[in-house]
file protein32.cif (mmCIF, C-alpha atoms and all ligand atoms)
data_coords
loop_
_atom_site.label_atom_id
_atom_site.label_comp_id
_atom_site.auth_asym_id
_atom_site.auth_seq_id
_atom_site.Cartn_x
_atom_site.Cartn_y
_atom_site.Cartn_z
CA MET A 1 -57.83 -277.99 -86.89
CA ARG A 2 -57.16 -274.30 -87.37
CA HIS A 3 -54.63 -274.88 -90.13
CA TYR A 4 -56.53 -277.36 -92.19
CA THR A 5 -60.22 -276.60 -91.95
CA THR A 6 -61.36 -274.49 -94.84
CA PHE A 7 -64.05 -271.87 -94.95
CA ARG A 8 -65.76 -273.94 -97.61
CA GLN A 9 -65.99 -276.94 -95.27
CA LEU A 10 -67.55 -274.80 -92.57
CA GLU A 11 -70.01 -273.40 -95.10
CA ILE A 12 -71.04 -276.94 -96.12
CA PHE A 13 -71.28 -278.02 -92.50
CA GLU A 14 -73.45 -274.99 -91.63
CA ALA A 15 -75.81 -275.78 -94.51
CA ILE A 16 -76.16 -279.42 -93.42
CA ALA A 17 -76.76 -278.38 -89.81
CA ARG A 18 -79.39 -275.85 -90.88
CA LEU A 19 -81.15 -277.93 -93.50
CA GLY A 20 -80.78 -281.33 -91.80
CA SER A 21 -79.89 -283.00 -95.08
CA PHE A 22 -76.82 -283.67 -97.23
CA THR A 23 -78.95 -283.59 -100.38
CA ARG A 24 -80.50 -280.21 -99.67
CA ALA A 25 -77.16 -278.76 -98.59
CA SER A 26 -75.57 -279.92 -101.85
CA GLU A 27 -78.45 -278.37 -103.83
CA GLU A 28 -78.20 -275.07 -102.01
CA LEU A 29 -74.46 -274.84 -102.56
CA TYR A 30 -74.52 -276.23 -106.12
CA LEU A 31 -72.20 -279.09 -105.19
CA THR A 32 -72.48 -282.80 -105.91
CA GLN A 33 -73.46 -285.01 -103.03
CA PRO A 34 -70.16 -286.98 -103.07
CA THR A 35 -68.26 -283.69 -102.74
CA VAL A 36 -70.37 -282.72 -99.74
CA SER A 37 -69.87 -286.15 -98.11
CA MET A 38 -66.15 -286.09 -98.75
CA GLN A 39 -65.70 -282.58 -97.32
CA MET A 40 -67.65 -283.54 -94.19
CA LYS A 41 -65.53 -286.67 -93.76
CA LYS A 42 -62.37 -284.54 -93.98
CA LEU A 43 -63.77 -281.99 -91.52
CA SER A 44 -64.58 -284.75 -89.00
CA GLU A 45 -61.11 -286.22 -89.37
CA MET A 46 -59.46 -282.86 -88.76
CA VAL A 47 -61.59 -282.10 -85.73
CA GLY A 48 -60.92 -285.60 -84.44
CA VAL A 49 -64.48 -286.30 -83.30
CA PRO A 50 -67.69 -287.22 -85.14
CA LEU A 51 -69.90 -284.22 -85.91
CA ILE A 52 -72.81 -285.86 -87.66
CA GLU A 53 -74.65 -289.11 -86.99
CA GLN A 54 -76.87 -290.82 -89.48
CA VAL A 55 -79.79 -292.87 -88.16
CA GLY A 56 -81.68 -294.42 -91.07
CA LYS A 57 -82.26 -291.53 -93.47
CA LYS A 58 -82.13 -288.87 -90.79
CA ILE A 59 -79.03 -287.04 -89.74
CA TYR A 60 -78.32 -285.61 -86.32
CA LEU A 61 -75.59 -283.35 -85.00
CA THR A 62 -73.52 -284.79 -82.18
CA GLU A 63 -72.88 -282.59 -79.16
CA ASP A 64 -69.55 -281.52 -80.71
CA GLY A 65 -71.38 -280.96 -83.99
CA GLN A 66 -73.86 -278.64 -82.29
CA GLU A 67 -71.04 -276.63 -80.77
CA LEU A 68 -69.24 -276.37 -84.07
CA ALA A 69 -72.50 -275.28 -85.75
CA GLN A 70 -72.84 -272.49 -83.18
CA ALA A 71 -69.19 -271.43 -83.64
CA THR A 72 -69.65 -271.47 -87.43
CA ARG A 73 -72.68 -269.18 -87.23
CA GLU A 74 -70.68 -266.78 -85.10
CA ILE A 75 -67.76 -266.80 -87.55
CA PHE A 76 -70.11 -266.10 -90.47
CA GLY A 77 -71.83 -263.35 -88.47
CA ILE A 78 -68.47 -261.67 -87.86
CA MET A 79 -67.60 -261.97 -91.56
CA ASP A 80 -70.97 -260.50 -92.58
CA ARG A 81 -70.51 -257.55 -90.26
CA PHE A 82 -67.03 -256.97 -91.59
CA THR A 83 -68.23 -257.05 -95.23
CA THR A 84 -71.05 -254.61 -94.48
CA LEU A 85 -68.75 -252.18 -92.68
CA ALA A 86 -66.13 -252.38 -95.43
CA ALA A 87 -68.81 -251.63 -98.05
CA GLU A 88 -70.02 -248.69 -95.95
CA ARG A 89 -66.53 -247.27 -95.62
CA GLN A 90 -66.11 -247.60 -99.36
CA GLY A 91 -69.51 -245.94 -99.99
CA LEU A 92 -68.54 -242.98 -97.82
CA LYS A 93 -65.21 -242.64 -99.60
CA LYS A 94 -66.58 -242.52 -103.11
CA GLY A 95 -70.35 -242.78 -103.03
CA GLN A 96 -72.94 -240.75 -104.87
CA LEU A 97 -75.80 -238.65 -103.55
CA ARG A 98 -78.60 -237.51 -105.83
CA LEU A 99 -80.76 -234.91 -104.19
CA MET A 100 -83.84 -233.14 -105.48
CA ALA A 101 -85.25 -230.04 -103.82
CA ILE A 102 -88.44 -228.14 -104.37
CA THR A 103 -88.09 -224.51 -105.49
CA THR A 104 -87.89 -222.73 -102.15
CA ALA A 105 -85.51 -225.32 -100.67
CA SER A 106 -82.87 -223.95 -103.05
CA TYR A 107 -82.23 -221.19 -100.48
CA PHE A 108 -80.73 -223.57 -97.94
CA ALA A 109 -80.02 -226.89 -99.71
CA PRO A 110 -76.70 -225.80 -101.29
CA ARG A 111 -75.39 -224.65 -97.90
CA LEU A 112 -76.29 -227.98 -96.29
CA LEU A 113 -74.66 -229.86 -99.13
CA GLY A 114 -71.56 -227.71 -98.84
CA GLU A 115 -71.21 -228.54 -95.14
CA PHE A 116 -71.84 -232.23 -95.85
CA ALA A 117 -69.32 -232.28 -98.72
CA LYS A 118 -66.64 -230.96 -96.36
CA LEU A 119 -67.29 -233.89 -94.02
CA TYR A 120 -67.27 -236.45 -96.86
CA PRO A 121 -65.09 -235.03 -99.64
CA GLY A 122 -65.21 -238.29 -101.63
CA ILE A 123 -68.98 -238.32 -102.07
CA GLU A 124 -70.14 -236.95 -105.39
CA VAL A 125 -73.21 -234.81 -104.84
CA SER A 126 -75.79 -233.59 -107.31
CA LEU A 127 -78.71 -231.29 -106.53
CA ARG A 128 -81.64 -230.59 -108.82
CA VAL A 129 -84.05 -227.82 -107.92
CA THR A 130 -87.45 -228.05 -109.53
CA ASN A 131 -91.19 -227.69 -109.13
CA LYS A 132 -93.62 -229.90 -107.29
CA GLU A 133 -94.84 -231.80 -110.35
CA GLN A 134 -91.35 -232.93 -111.29
CA VAL A 135 -90.48 -233.82 -107.73
CA LEU A 136 -93.56 -236.05 -107.53
CA ALA A 137 -92.73 -237.69 -110.86
CA SER A 138 -89.18 -238.37 -109.74
CA ILE A 139 -90.38 -239.92 -106.46
CA ALA A 140 -92.85 -242.11 -108.36
CA ASN A 141 -90.06 -243.32 -110.66
CA ASN A 142 -87.61 -243.77 -107.80
CA LEU A 143 -84.98 -241.63 -109.55
CA ASP A 144 -83.24 -239.70 -106.78
CA ASP A 145 -81.93 -240.68 -103.35
CA LEU A 146 -83.57 -237.99 -101.25
CA TYR A 147 -86.05 -235.15 -101.70
CA LEU A 148 -86.36 -231.91 -99.75
CA LEU A 149 -89.95 -230.71 -99.58
CA GLY A 150 -92.22 -228.43 -97.58
CA GLN A 151 -94.95 -231.03 -97.34
CA PRO A 152 -94.71 -234.83 -97.61
CA PRO A 153 -96.80 -235.84 -100.65
CA GLU A 154 -100.07 -237.59 -99.91
CA GLY A 155 -101.07 -240.95 -101.32
CA MET A 156 -97.49 -242.09 -101.88
CA GLU A 157 -95.57 -244.74 -99.98
CA ILE A 158 -92.78 -242.66 -98.51
CA GLU A 159 -90.64 -242.24 -95.42
CA SER A 160 -90.36 -238.66 -94.25
CA THR A 161 -88.20 -236.93 -91.67
CA LEU A 162 -88.69 -233.40 -90.40
CA ILE A 163 -85.40 -231.56 -90.76
CA MET A 164 -86.02 -227.84 -90.26
CA ASP A 165 -88.57 -225.12 -89.52
CA ASN A 166 -90.01 -223.16 -92.42
CA PRO A 167 -91.79 -220.02 -91.17
CA ILE A 168 -93.85 -218.14 -93.77
CA ILE A 169 -93.77 -214.39 -93.17
CA VAL A 170 -95.60 -211.47 -94.78
CA LEU A 171 -93.30 -209.13 -96.73
CA ALA A 172 -93.82 -205.61 -97.99
CA ALA A 173 -91.62 -202.78 -99.22
CA PRO A 174 -89.95 -200.99 -96.26
CA ASP A 175 -91.97 -197.81 -96.87
CA HIS A 176 -95.31 -199.66 -97.06
CA PRO A 177 -98.03 -198.01 -94.90
CA LEU A 178 -98.68 -201.32 -93.07
CA ALA A 179 -95.02 -201.62 -92.07
CA LYS A 180 -95.58 -199.62 -88.87
CA GLU A 181 -98.86 -201.25 -87.86
CA LYS A 182 -99.19 -203.95 -85.23
CA ASN A 183 -101.41 -207.03 -85.16
CA ILE A 184 -102.84 -206.51 -88.64
CA SER A 185 -105.97 -208.57 -89.30
CA LEU A 186 -106.25 -210.98 -92.20
CA GLU A 187 -109.28 -209.04 -93.48
CA ARG A 188 -107.15 -205.91 -93.73
CA LEU A 189 -104.33 -207.85 -95.37
CA ALA A 190 -106.68 -209.29 -98.00
CA GLN A 191 -107.43 -205.76 -99.22
CA GLU A 192 -103.84 -205.34 -100.37
CA PRO A 193 -102.76 -206.32 -103.89
CA TRP A 194 -101.28 -209.80 -103.51
CA LEU A 195 -98.36 -211.23 -105.42
CA MET A 196 -98.64 -214.99 -105.49
CA ARG A 197 -96.48 -217.91 -106.46
CA GLU A 198 -97.80 -220.24 -109.17
CA LYS A 199 -100.62 -222.70 -108.43
CA GLY A 200 -99.31 -225.84 -106.75
CA SER A 201 -96.59 -223.98 -104.83
CA GLY A 202 -96.47 -225.10 -101.21
CA THR A 203 -96.03 -221.50 -100.06
CA ARG A 204 -99.11 -220.39 -101.96
CA ASN A 205 -101.19 -223.29 -100.59
CA ALA A 206 -100.21 -222.35 -97.05
CA ILE A 207 -101.22 -218.68 -97.57
CA GLU A 208 -104.55 -219.61 -99.16
CA ARG A 209 -105.31 -222.10 -96.40
CA ARG A 210 -104.65 -219.46 -93.71
CA PHE A 211 -107.07 -217.04 -95.42
CA ALA A 212 -109.64 -219.80 -96.02
CA GLU A 213 -109.63 -220.66 -92.29
CA GLN A 214 -111.13 -217.19 -91.78
CA GLY A 215 -113.50 -217.55 -94.72
CA ILE A 216 -111.46 -215.10 -96.81
CA SER A 217 -110.37 -215.62 -100.38
CA VAL A 218 -107.74 -213.49 -102.08
CA ARG A 219 -107.37 -212.92 -105.79
CA PRO A 220 -103.73 -212.45 -106.70
CA ARG A 221 -102.97 -209.27 -108.55
CA LEU A 222 -99.96 -210.94 -110.09
CA GLU A 223 -98.89 -214.54 -110.32
CA LEU A 224 -95.13 -215.10 -110.48
CA GLY A 225 -93.27 -218.37 -110.77
CA SER A 226 -90.34 -217.62 -108.49
CA ASN A 227 -89.65 -216.22 -105.04
CA GLU A 228 -87.04 -213.82 -106.43
CA ALA A 229 -89.52 -212.39 -108.96
CA ILE A 230 -91.99 -211.85 -106.12
CA LYS A 231 -89.36 -210.08 -104.04
CA GLN A 232 -88.51 -207.78 -106.94
CA ALA A 233 -92.19 -207.01 -107.47
CA ILE A 234 -92.63 -206.19 -103.77
CA LEU A 235 -89.71 -203.76 -103.89
CA THR A 236 -91.13 -202.00 -106.93
CA GLY A 237 -94.35 -201.43 -104.97
CA LEU A 238 -96.57 -203.80 -106.93
CA GLY A 239 -98.00 -205.43 -103.83
CA ILE A 240 -97.27 -207.64 -100.83
CA SER A 241 -96.74 -211.35 -100.41
CA ALA A 242 -95.85 -214.03 -97.90
CA LEU A 243 -92.76 -216.14 -98.41
CA SER A 244 -90.58 -218.54 -96.51
CA ARG A 245 -88.18 -216.70 -94.21
CA HIS A 246 -85.43 -218.71 -95.93
CA THR A 247 -85.93 -216.62 -99.06
CA LEU A 248 -84.34 -213.67 -97.22
CA THR A 249 -81.10 -215.54 -96.54
CA LEU A 250 -79.09 -213.35 -98.90
CA ASN A 251 -80.90 -210.06 -98.25
CA GLN A 252 -79.75 -207.32 -95.94
CA PRO A 253 -81.86 -206.90 -92.79
CA GLY A 254 -84.33 -204.07 -93.37
CA GLN A 255 -84.47 -204.52 -97.12
CA PHE A 256 -88.05 -205.76 -96.68
CA ALA A 257 -90.63 -204.92 -94.02
CA VAL A 258 -91.90 -208.04 -92.23
CA LEU A 259 -95.52 -207.24 -91.41
CA ASP A 260 -96.98 -208.04 -87.99
CA VAL A 261 -100.06 -210.02 -89.03
CA GLN A 262 -102.49 -212.14 -86.99
CA GLY A 263 -101.89 -215.84 -87.66
CA TYR A 264 -98.36 -215.24 -88.97
CA PRO A 265 -95.75 -216.57 -89.26
CA ILE A 266 -97.32 -219.73 -90.61
CA LEU A 267 -95.26 -222.50 -89.05
CA ARG A 268 -94.34 -224.96 -91.75
CA HIS A 269 -91.45 -227.39 -91.88
CA TRP A 270 -88.99 -228.89 -94.28
CA TYR A 271 -88.91 -232.64 -94.75
CA ALA A 272 -86.41 -235.02 -96.24
CA ILE A 273 -88.28 -237.88 -97.85
CA TYR A 274 -87.56 -241.02 -99.87
CA PRO A 275 -89.75 -243.74 -101.33
CA ALA A 276 -90.59 -246.41 -98.73
CA GLY A 277 -88.73 -249.61 -99.44
CA ARG A 278 -85.96 -247.88 -101.35
CA GLN A 279 -82.61 -249.38 -100.48
CA MET A 280 -80.83 -246.20 -99.41
CA SER A 281 -77.27 -245.77 -100.56
CA VAL A 282 -74.65 -245.38 -97.85
CA ALA A 283 -74.09 -241.78 -98.99
CA ALA A 284 -77.82 -240.94 -98.78
CA ARG A 285 -78.08 -242.49 -95.33
CA ALA A 286 -75.05 -240.45 -94.20
CA PHE A 287 -76.67 -237.24 -95.52
CA LEU A 288 -79.95 -237.99 -93.75
CA ASP A 289 -78.07 -238.72 -90.51
CA TYR A 290 -76.21 -235.43 -90.96
CA LEU A 291 -79.52 -233.54 -91.38
CA LEU A 292 -80.99 -235.18 -88.29
CA GLU A 293 -77.92 -234.48 -86.19
CA ARG A 294 -77.95 -230.87 -87.34
CA SER A 295 -81.62 -230.45 -86.48
CA LYS A 296 -81.05 -232.01 -83.03
CA GLN A 297 -78.23 -229.57 -82.32
CA LYS A 298 -80.37 -226.61 -83.42
CA ASN A 299 -83.19 -227.69 -81.09
CA SER A 300 -81.05 -228.43 -78.05
P1 LIG B 1 -92.68 -223.99 -102.87
O1 LIG B 1 -92.12 -224.42 -101.48
O2 LIG B 1 -93.45 -225.14 -103.51
O3 LIG B 1 -93.59 -222.87 -102.54
O4 LIG B 1 -91.43 -223.59 -103.58
C1 LIG B 1 -92.11 -225.67 -101.00
C2 LIG B 1 -93.09 -225.77 -99.92
O5 LIG B 1 -93.06 -224.90 -99.04
O6 LIG B 1 -93.89 -226.74 -99.94
#
call {"tool": "encode", "arguments": {"input": "protein32.cif", "output": "structure tokens"}}
result
Amino acid sequence: MRHYTTFRQLEIFEAIARLGSFTRASEELYLTQPTVSMQMKKLSEMVGVPLIEQVGKKIYLTEDGQELAQATREIFGIMDRFTTLAAERQGLKKGQLRLMAITTASYFAPRLLGEFAKLYPGIEVSLRVTNKEQVLASIANNLDDLYLLGQPPEGMEIESTLIMDNPIIVLAAPDHPLAKEKNISLERLAQEPWLMREKGSGTRNAIERRFAEQGISVRPRLELGSNEAIKQAILTGLGISALSRHTLTLNQPGQFAVLDVQGYPILRHWYAIYPAGRQMSVAARAFLDYLLERSKQKNS
């Protein structure tokens, strides 16, 4: 049997066994009914036993037929698994990963991508860093594979995974009078000139929420659209601000004073998200797995 039975015959037989009808099997496989009947006759002859019995218009599988149907399903299952794995291997060898990160995530996203690219040198990676509005538009239009954000967007069908801590700390120039004080109250802090990120920034929202919890509102002295501009302004003595600790990645320790303030650091997190229902590419899945593995190792 092994040498003469074709895959095609098994495919036809599986369809007949599943659908209980020669006609429906021929329709599903786009074959004529005589072709189907002839292939089944050949299959029976090669096996040497009847596989199908016809009683009136109904067809039944014989005991041997039932066993062959089971074996056929197993063979197809093995083939399906093989095809999936082969496609995955191919995807990891030369797949593509399109990543979008919100402003502040630019401090760590390139490093993560660099580590990932070393593990999978064949995957072509692109990273766009942009503001919240554009990130939301890209999610809505299903343009990128994965997004790195400080807060999963509300009202959107998404899957989100926490990947890292994002502490927000209060920064001042090293010679600032508050630098030596302990346990500074939010009321005292609100009296300082504040440098704030633009409206809509996740960092800014977190700062304003923390003040609002105490019934305090702060009016920024200066609004600046980037973390680096805020850091420069702090160093020139224009005021204080609170930023993600990640924004200090490239600064020397001691370049800024981290103030000891009640209710700080604000404990936020970074999330990797993608639109629910999006068929993730093999490369994107591998990157997400890499992020999760990394976060597990950091927490263990
Ligand atoms: P940003 O940061 O919007 O302030 O750049 C992202 C976030 O923390 O949500």
call {"tool": "axis_aligned_box", "arguments": {"input": "protein32.cif", "around": "ligand LIG 1 (chain B)", "padding_each_side": "6 Å", "output": "lines of an AutoDock Vina configuration file"}}
result
center_x = -92.7
center_y = -224.8
center_z = -101.3
size_x = 14.5
size_y = 15.9
size_z = 16.5
call {"tool": "closest_residue", "arguments": {"input": "protein32.cif", "among": "A:Lys298, A:Gly215, A:Ala172, A:Lys180", "to": "Gln232 (chain A)", "atoms": "all atoms listed in the file"}}
result
A:Ala172
call {"tool": "residues_near_ligand", "arguments": {"input": "protein32.cif", "ligand": "ligand LIG 1 (chain B)", "cutoff": "8 Å", "atoms": "all atoms listed in the file", "output": "PyMOL selection string"}}
result
chain A and resi 102-105+131-132+149-151+166+197+200-206+226-227+243-244+268-270
call {"tool": "closest_atom_pairs", "arguments": {"input": "protein32.cif", "of": "region 92-182 of chain A", "to": "region 247-254 of chain A", "cutoff": "10 Å", "atoms": "all atoms listed in the file", "output": "tab-separated table"}}
result
residue	atom	partner	partner_atom	distance
A:Thr104	CA	A:Thr247	CA	7.1
A:Ala105	CA	A:Thr247	CA	8.9
A:Ser106	CA	A:Thr247	CA	8.9
A:Tyr107	CA	A:Thr247	CA	6.0
A:Phe108	CA	A:Thr249	CA	8.2
A:Ile168	CA	A:Thr247	CA	9.6
A:Ala173	CA	A:Gly254	CA	9.4
A:Pro174	CA	A:Gly254	CA	7.0
call {"tool": "closest_residue", "arguments": {"input": "protein32.cif", "among": "A:Val282, A:Val49, A:Ile266, A:Leu259", "to": "Leu178 (chain A)", "atoms": "only C-alpha atoms"}}
result
A:Leu259
call {"tool": "residues_around", "arguments": {"input": "protein32.cif", "residues": "Pro110 (chain A)", "least_positions_apart": "2", "cutoff": "12 Å", "atoms": "all atoms listed in the file", "output": "PyMOL selection string"}}
result
chain A and resi 99-101+104-108+112-117+125-129+148
call {"tool": "residues_near_point", "arguments": {"input": "protein32.cif", "point": "(-62.7, -282.3, -87.8)", "cutoff": "12 Å", "atoms": "only C-alpha atoms", "output": "JSON, numbers by chain"}}
result
{"A": [1, 2, 3, 4, 5, 6, 9, 10, 13, 39, 40, 41, 42, 43, 44, 45, 46, 47, 48, 49, 50, 51, 52, 64, 65, 68]}
call {"tool": "atom_distance", "arguments": {"input": "protein32.cif", "atom1": "CA of Asp144 (chain A)", "atom2": "CA of Asp165 (chain A)"}}
result
23.2 Å
call {"tool": "closest_residue", "arguments": {"input": "protein32.cif", "among": "A:Arg285, A:His176, A:Arg219, A:Lys296", "to": "Leu238 (chain A)", "atoms": "only C-alpha atoms"}}
result
A:His176
call {"tool": "closest_residue", "arguments": {"input": "protein32.cif", "among": "A:Ala283, A:Tyr274, A:Gln297, A:Tyr147", "to": "Gln96 (chain A)", "atoms": "all atoms listed in the file"}}
result
A:Ala283
